[in-house]
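Shown below: model_17.pdb, with PDB, C-alpha atoms.
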ATOM      1  CA  MET A   1      92.606 -86.906 -26.200
ATOM      2  CA  THR A   2      95.850 -88.591 -25.171
ATOM      3  CA  GLU A   3      98.098 -87.919 -22.237
ATOM      4  CA  ALA A   4     101.857 -87.713 -22.476
ATOM      5  CA  THR A   5     104.094 -88.621 -19.558
ATOM      6  CA  LEU A   6     107.624 -87.291 -19.355
ATOM      7  CA  PRO A   7     110.380 -89.793 -18.474
ATOM      8  CA  GLY A   8     110.815 -89.966 -14.702
ATOM      9  CA  SER A   9     107.474 -88.250 -13.993
ATOM     10  CA  THR A  10     104.333 -89.667 -12.447
ATOM     11  CA  PRO A  11     101.218 -89.786 -14.600
ATOM     12  CA  THR A  12      98.521 -87.400 -13.413
ATOM     13  CA  THR A  13      94.790 -87.762 -13.550
ATOM     14  CA  SER A  14      93.374 -85.313 -16.038
ATOM     15  CA  LEU A  15      90.218 -83.400 -15.283
ATOM     16  CA  GLN A  16      87.300 -83.942 -17.576
ATOM     17  CA  ALA A  17      84.901 -81.369 -18.918
ATOM     18  CA  VAL A  18      81.733 -80.950 -16.859
ATOM     19  CA  LEU A  19      78.423 -80.234 -18.556
ATOM     20  CA  THR A  20      75.224 -79.762 -16.581
ATOM     21  CA  ARG A  21      72.097 -79.232 -18.647
ATOM     22  CA  HIS A  22      69.612 -76.833 -17.075
ATOM     23  CA  ALA A  23      66.750 -79.319 -17.461
ATOM     24  CA  GLU A  24      68.754 -82.015 -15.646
ATOM     25  CA  ALA A  25      70.193 -79.925 -12.795
ATOM     26  CA  GLU A  26      69.061 -80.772  -9.274
ATOM     27  CA  THR A  27      67.405 -77.964  -7.350
ATOM     28  CA  CYS A  28      67.200 -77.400  -3.609
ATOM     29  CA  SER A  29      65.031 -74.808  -1.976
ATOM     30  CA  ASP A  30      64.353 -73.187   1.336
ATOM     31  CA  PRO A  31      61.841 -70.491   2.225
ATOM     32  CA  SER A  32      63.998 -67.700   0.761
ATOM     33  CA  SER A  33      65.895 -69.142  -2.202
ATOM     34  CA  VAL A  34      66.141 -71.791  -4.881
ATOM     35  CA  MET A  35      69.565 -73.318  -5.542
ATOM     36  CA  THR A  36      70.401 -74.994  -8.838
ATOM     37  CA  LEU A  37      73.287 -77.421  -8.303
ATOM     38  CA  LEU A  38      75.638 -77.209 -11.276
ATOM     39  CA  ALA A  39      78.904 -79.035 -10.559
ATOM     40  CA  ASP A  40      80.470 -80.516  -7.452
ATOM     41  CA  SER A  41      84.076 -81.462  -6.795
ATOM     42  CA  ASP A  42      83.271 -85.161  -6.748
ATOM     43  CA  GLY A  43      82.241 -84.945 -10.403
ATOM     44  CA  ALA A  44      84.792 -82.332 -11.448
ATOM     45  CA  GLY A  45      88.006 -83.892 -10.183
ATOM     46  CA  GLY A  46      88.208 -81.665  -7.093
ATOM     47  CA  GLY A  47      88.668 -78.409  -8.987
ATOM     48  CA  PHE A  48      85.496 -76.509  -8.059
ATOM     49  CA  THR A  49      81.930 -76.532  -6.819
ATOM     50  CA  SER A  50      79.317 -74.339  -8.500
ATOM     51  CA  TYR A  51      75.662 -73.553  -7.971
ATOM     52  CA  ARG A  52      73.207 -70.802  -8.808
ATOM     53  CA  SER A  53      70.942 -69.234  -6.175
ATOM     54  CA  THR A  54      67.850 -67.199  -6.839
ATOM     55  CA  PHE A  55      66.954 -65.187  -3.746
ATOM     56  CA  ALA A  56      63.463 -63.872  -3.005
ATOM     57  CA  LYS A  57      63.031 -60.141  -2.396
ATOM     58  CA  GLY A  58      65.011 -59.166   0.722
ATOM     59  CA  ALA A  59      65.971 -62.801   1.516
ATOM     60  CA  VAL A  60      68.365 -63.089   4.453
ATOM     61  CA  GLY A  61      70.857 -65.473   2.798
ATOM     62  CA  ALA A  62      73.943 -66.773   4.631
ATOM     63  CA  PRO A  63      75.080 -65.515   8.047
ATOM     64  CA  ALA A  64      78.685 -64.485   8.640
ATOM     65  CA  HIS A  65      81.107 -67.347   8.009
ATOM     66  CA  PHE A  66      84.479 -68.153   6.472
ATOM     67  CA  HIS A  67      86.190 -71.002   4.667
ATOM     68  CA  THR A  68      89.699 -72.217   5.522
ATOM     69  CA  LYS A  69      90.472 -73.833   2.160
ATOM     70  CA  ALA A  70      88.195 -72.389  -0.509
ATOM     71  CA  THR A  71      87.961 -69.075  -2.289
ATOM     72  CA  GLU A  72      84.288 -68.233  -2.853
ATOM     73  CA  LEU A  73      83.401 -66.440  -6.075
ATOM     74  CA  PHE A  74      80.172 -64.491  -6.595
ATOM     75  CA  PHE A  75      78.781 -63.296  -9.932
ATOM     76  CA  VAL A  76      75.476 -61.398  -9.853
ATOM     77  CA  ILE A  77      73.425 -62.444 -12.867
ATOM     78  CA  SER A  78      70.566 -60.070 -12.015
ATOM     79  CA  GLY A  79      69.223 -58.085  -9.095
ATOM     80  CA  SER A  80      71.230 -56.906  -6.095
ATOM     81  CA  LEU A  81      73.092 -58.827  -3.403
ATOM     82  CA  ARG A  82      74.184 -57.244  -0.120
ATOM     83  CA  VAL A  83      77.466 -58.729   1.118
ATOM     84  CA  LEU A  84      79.748 -58.522   4.107
ATOM     85  CA  VAL A  85      83.474 -58.916   3.404
ATOM     86  CA  GLY A  86      85.578 -58.619   6.538
ATOM     87  CA  GLU A  87      84.100 -55.553   8.258
ATOM     88  CA  ASP A  88      82.670 -53.901   5.131
ATOM     89  CA  VAL A  89      79.118 -54.182   3.831
ATOM     90  CA  THR A  90      78.462 -53.381   0.181
ATOM     91  CA  THR A  91      75.909 -54.110  -2.501
ATOM     92  CA  LEU A  92      76.733 -56.039  -5.650
ATOM     93  CA  ASN A  93      74.542 -55.350  -8.655
ATOM     94  CA  GLU A  94      73.932 -57.093 -11.959
ATOM     95  CA  GLY A  95      77.241 -57.957 -13.623
ATOM     96  CA  ASP A  96      79.337 -57.441 -10.466
ATOM     97  CA  PHE A  97      81.924 -60.054  -9.471
ATOM     98  CA  LEU A  98      83.466 -60.714  -6.049
ATOM     99  CA  ALA A  99      86.168 -63.178  -4.944
ATOM    100  CA  VAL A 100      86.459 -63.824  -1.193
ATOM    101  CA  PRO A 101      89.728 -65.545  -0.179
ATOM    102  CA  PRO A 102      90.033 -68.176   2.570
ATOM    103  CA  HIS A 103      89.819 -67.036   6.215
ATOM    104  CA  THR A 104      87.831 -63.901   5.279
ATOM    105  CA  PRO A 105      84.518 -63.530   7.121
ATOM    106  CA  HIS A 106      81.666 -62.895   4.719
ATOM    107  CA  ALA A 107      77.871 -63.045   4.555
ATOM    108  CA  PHE A 108      75.260 -62.314   1.927
ATOM    109  CA  GLY A 109      71.583 -61.927   1.170
ATOM    110  CA  ALA A 110      69.343 -60.155  -1.289
ATOM    111  CA  ALA A 111      69.636 -56.399  -0.910
ATOM    112  CA  PRO A 112      66.686 -54.776   0.878
ATOM    113  CA  GLY A 113      63.701 -54.634  -1.470
ATOM    114  CA  ALA A 114      65.537 -56.565  -4.193
ATOM    115  CA  GLU A 115      65.734 -60.074  -5.572
ATOM    116  CA  ALA A 116      69.087 -61.568  -6.570
ATOM    117  CA  ASP A 117      70.197 -64.262  -9.009
ATOM    118  CA  VAL A 118      73.790 -65.248  -8.237
ATOM    119  CA  LEU A 119      76.318 -67.762  -9.558
ATOM    120  CA  PHE A 120      78.588 -69.154  -6.809
ATOM    121  CA  VAL A 121      81.863 -71.007  -7.400
ATOM    122  CA  PHE A 122      84.148 -72.499  -4.743
ATOM    123  CA  THR A 123      87.697 -73.400  -5.616
ATOM    124  CA  PRO A 124      89.001 -75.815  -4.702
ATOM    125  CA  GLY A 125      85.733 -77.714  -4.495
ATOM    126  CA  MET A 126      85.002 -80.262  -1.805
ATOM    127  CA  GLY A 127      81.631 -81.897  -2.287
ATOM    128  CA  ARG A 128      79.424 -79.096  -0.932
ATOM    129  CA  PHE A 129      76.114 -80.217  -2.439
ATOM    130  CA  ASP A 130      75.290 -82.264   0.671
ATOM    131  CA  TYR A 131      75.777 -79.092   2.727
ATOM    132  CA  LEU A 132      73.345 -77.154   0.522
ATOM    133  CA  ARG A 133      70.804 -79.976   0.831
ATOM    134  CA  LEU A 134      71.250 -79.935   4.631
ATOM    135  CA  LEU A 135      70.659 -76.165   4.765
ATOM    136  CA  GLY A 136      67.372 -76.556   2.923
ATOM    137  CA  ARG A 137      66.236 -79.341   5.272
ATOM    138  CA  VAL A 138      67.110 -77.275   8.352
ATOM    139  CA  MET A 139      65.317 -74.171   7.044
ATOM    140  CA  ARG A 140      62.219 -76.258   6.266
ATOM    141  CA  GLY A 141      62.304 -77.776   9.780
ATOM    142  CA  GLU A 142      63.197 -81.266   8.498
ATOM    143  CA  ALA A 143      66.624 -81.460  10.209
ATOM    144  CA  ASP A 144      68.147 -80.251  13.466
ATOM    145  CA  PRO A 145      70.156 -76.984  13.149
ATOM    146  CA  LYS A 146      72.970 -78.530  15.234
ATOM    147  CA  GLU A 147      73.778 -80.702  12.194
ATOM    148  CA  ILE A 148      75.097 -77.562  10.486
ATOM    149  CA  ALA A 149      77.497 -76.799  13.343
ATOM    150  CA  GLU A 150      78.591 -80.440  13.452
ATOM    151  CA  SER A 151      79.446 -80.321   9.734
ATOM    152  CA  ALA A 152      81.754 -77.264   9.877
ATOM    153  CA  GLU A 153      85.005 -79.148   9.199
ATOM    154  CA  ARG A 154      83.493 -81.553   6.672
ATOM    155  CA  PHE A 155      82.155 -78.743   4.498
ATOM    156  CA  ASP A 156      84.731 -76.019   5.391
ATOM    157  CA  ASN A 157      81.987 -73.661   6.530
ATOM    158  CA  HIS A 158      82.766 -71.922   9.831
ATOM    159  CA  TYR A 159      80.212 -69.497  11.289
ATOM    160  CA  VAL A 160      81.331 -66.386  13.157
ATOM    161  CA  ASP A 161      79.604 -63.511  14.910
ATOM    162  CA  SER A 162      79.628 -60.227  13.002
ATOM    163  CA  PRO A 163      78.181 -57.190  14.775
ATOM    164  CA  VAL A 164      78.626 -55.282  11.487
ATOM    165  CA  TRP A 165      76.456 -57.788   9.585
ATOM    166  CA  ARG A 166      73.853 -57.952  12.384
ATOM    167  CA  ALA A 167      73.570 -54.152  12.315
ATOM    168  CA  ALA A 168      73.267 -54.123   8.505
ATOM    169  CA  GLN A 169      70.492 -56.726   8.663
ATOM    170  CA  ALA A 170      68.618 -54.794  11.374
ATOM    171  CA  GLY A 171      69.090 -51.380   9.717
ATOM    172  CA  PRO A 172      66.607 -49.515   7.583
ATOM    173  CA  ALA A 173      65.940 -50.900   4.125
TER     174      ALA A 173
END
The structure in this file should be written as structure tokens.
Amino acid sequence: MTEATLPGSTPTTSLQAVLTRHAEAETCSDPSSVMTLLADSDGAGGGFTSYRSTFAKGAVGAPAHFHTKATELFFVISGSLRVLVGEDVTTLNEGDFLAVPPHTPHAFGAAPGAEADVLFVFTPGMGRFDYLRLLGRVMRGEADPKEIAESAERFDNHYVDSPVWRAAQAGPA
């Protein structure tokens, strides 16, 4: 493929195709999920970050948080995922898609009594794989939880309190 540059314009760096073979994808795990790391912004020219999470039955998932730069996309491959978006809690089922814009509090976990297999995409991406690795280490007791709070700006992941999400998590299954 060749690039053309118009007179008076600045050449741009073109993005390259990203292919991650299932057999070669890195996986991270914690007690409630397995994450398959598919593509990170460092390897995709900054356009997106993508991973797939398989949640155990009723797994808690992520607490309420928001991103200041990224839109987070969810696609449920199978099972059911309970999500908080703003002040609303809903359940996504197989084939459902959700896009959460920046500055919108959200949380997620497997729906009560269900497993969930979910594709996540962040755009723009920003090298989030180290954050996912850190989460796994913290949940396995291999790293201090304060490292997550200290990384909020670096990974654009800002935790917030959500009484609505706490009530949903404590409610009947």
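Between CA of Ser162 (chain A) and CA of Ala110 (chain A) the separation is 17.6 Å.
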Exercise for review: Quick one: apply the PyMOL selection byres ((chain A and resi 30-44) around 10) to the file and drop the selected residues here as number ranges by chain.
Suggested key: A: 15-22, 24-29, 45-61, 109-110, 115-130, 132-133, 135-141
Restricting it to C-alpha atoms, dump the selection as a PDB file, in the coordinates of the input.
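The result, written out as result08.pdb:
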ATOM      1  CA  LEU A  15      90.218 -83.400 -15.283  1.00  0.00           C
ATOM      2  CA  GLN A  16      87.300 -83.942 -17.576  1.00  0.00           C
ATOM      3  CA  ALA A  17      84.901 -81.369 -18.918  1.00  0.00           C
ATOM      4  CA  VAL A  18      81.733 -80.950 -16.859  1.00  0.00           C
ATOM      5  CA  LEU A  19      78.423 -80.234 -18.556  1.00  0.00           C
ATOM      6  CA  THR A  20      75.224 -79.762 -16.581  1.00  0.00           C
ATOM      7  CA  ARG A  21      72.097 -79.232 -18.647  1.00  0.00           C
ATOM      8  CA  HIS A  22      69.612 -76.833 -17.075  1.00  0.00           C
ATOM      9  CA  GLU A  24      68.754 -82.015 -15.646  1.00  0.00           C
ATOM     10  CA  ALA A  25      70.193 -79.925 -12.795  1.00  0.00           C
ATOM     11  CA  GLU A  26      69.061 -80.772  -9.274  1.00  0.00           C
ATOM     12  CA  THR A  27      67.405 -77.964  -7.350  1.00  0.00           C
ATOM     13  CA  CYS A  28      67.200 -77.400  -3.609  1.00  0.00           C
ATOM     14  CA  SER A  29      65.031 -74.808  -1.976  1.00  0.00           C
ATOM     15  CA  GLY A  45      88.006 -83.892 -10.183  1.00  0.00           C
ATOM     16  CA  GLY A  46      88.208 -81.665  -7.093  1.00  0.00           C
ATOM     17  CA  GLY A  47      88.668 -78.409  -8.987  1.00  0.00           C
ATOM     18  CA  PHE A  48      85.496 -76.509  -8.059  1.00  0.00           C
ATOM     19  CA  THR A  49      81.930 -76.532  -6.819  1.00  0.00           C
ATOM     20  CA  SER A  50      79.317 -74.339  -8.500  1.00  0.00           C
ATOM     21  CA  TYR A  51      75.662 -73.553  -7.971  1.00  0.00           C
ATOM     22  CA  ARG A  52      73.207 -70.802  -8.808  1.00  0.00           C
ATOM     23  CA  SER A  53      70.942 -69.234  -6.175  1.00  0.00           C
ATOM     24  CA  THR A  54      67.850 -67.199  -6.839  1.00  0.00           C
ATOM     25  CA  PHE A  55      66.954 -65.187  -3.746  1.00  0.00           C
ATOM     26  CA  ALA A  56      63.463 -63.872  -3.005  1.00  0.00           C
ATOM     27  CA  LYS A  57      63.031 -60.141  -2.396  1.00  0.00           C
ATOM     28  CA  GLY A  58      65.011 -59.166   0.722  1.00  0.00           C
ATOM     29  CA  ALA A  59      65.971 -62.801   1.516  1.00  0.00           C
ATOM     30  CA  VAL A  60      68.365 -63.089   4.453  1.00  0.00           C
ATOM     31  CA  GLY A  61      70.857 -65.473   2.798  1.00  0.00           C
ATOM     32  CA  GLY A 109      71.583 -61.927   1.170  1.00  0.00           C
ATOM     33  CA  ALA A 110      69.343 -60.155  -1.289  1.00  0.00           C
ATOM     34  CA  GLU A 115      65.734 -60.074  -5.572  1.00  0.00           C
ATOM     35  CA  ALA A 116      69.087 -61.568  -6.570  1.00  0.00           C
ATOM     36  CA  ASP A 117      70.197 -64.262  -9.009  1.00  0.00           C
ATOM     37  CA  VAL A 118      73.790 -65.248  -8.237  1.00  0.00           C
ATOM     38  CA  LEU A 119      76.318 -67.762  -9.558  1.00  0.00           C
ATOM     39  CA  PHE A 120      78.588 -69.154  -6.809  1.00  0.00           C
ATOM     40  CA  VAL A 121      81.863 -71.007  -7.400  1.00  0.00           C
ATOM     41  CA  PHE A 122      84.148 -72.499  -4.743  1.00  0.00           C
ATOM     42  CA  THR A 123      87.697 -73.400  -5.616  1.00  0.00           C
ATOM     43  CA  PRO A 124      89.001 -75.815  -4.702  1.00  0.00           C
ATOM     44  CA  GLY A 125      85.733 -77.714  -4.495  1.00  0.00           C
ATOM     45  CA  MET A 126      85.002 -80.262  -1.805  1.00  0.00           C
ATOM     46  CA  GLY A 127      81.631 -81.897  -2.287  1.00  0.00           C
ATOM     47  CA  ARG A 128      79.424 -79.096  -0.932  1.00  0.00           C
ATOM     48  CA  PHE A 129      76.114 -80.217  -2.439  1.00  0.00           C
ATOM     49  CA  ASP A 130      75.290 -82.264   0.671  1.00  0.00           C
ATOM     50  CA  LEU A 132      73.345 -77.154   0.522  1.00  0.00           C
ATOM     51  CA  ARG A 133      70.804 -79.976   0.831  1.00  0.00           C
ATOM     52  CA  LEU A 135      70.659 -76.165   4.765  1.00  0.00           C
ATOM     53  CA  GLY A 136      67.372 -76.556   2.923  1.00  0.00           C
ATOM     54  CA  ARG A 137      66.236 -79.341   5.272  1.00  0.00           C
ATOM     55  CA  VAL A 138      67.110 -77.275   8.352  1.00  0.00           C
ATOM     56  CA  MET A 139      65.317 -74.171   7.044  1.00  0.00           C
ATOM     57  CA  ARG A 140      62.219 -76.258   6.266  1.00  0.00           C
ATOM     58  CA  GLY A 141      62.304 -77.776   9.780  1.00  0.00           C
TER      59      GLY A 141
END
Practice item. Evaluate the PyMOL selection byres ((chain A and resi 157) around 7) on the structure here and hand back the selected residues as a VMD selection string. Key: chain A and resid 65 to 67 152 to 153 155 to 156 158 to 159
**Study point:** Separation of CA of Val83 (chain A) from CA of Ala149 (chain A) in Å
**Key:** 21.8 Å
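Nearest to Glu87 (chain A) of all the residues A:Leu134, A:Ala168, A:Glu142, A:Ala70 is A:Ala168, based on all atoms listed in the file.
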Practice item. Record the distance separating CA of Arg154 (chain A) and CA of Phe108 (chain A), expressed in Å with one decimal. Key: 21.5 Å
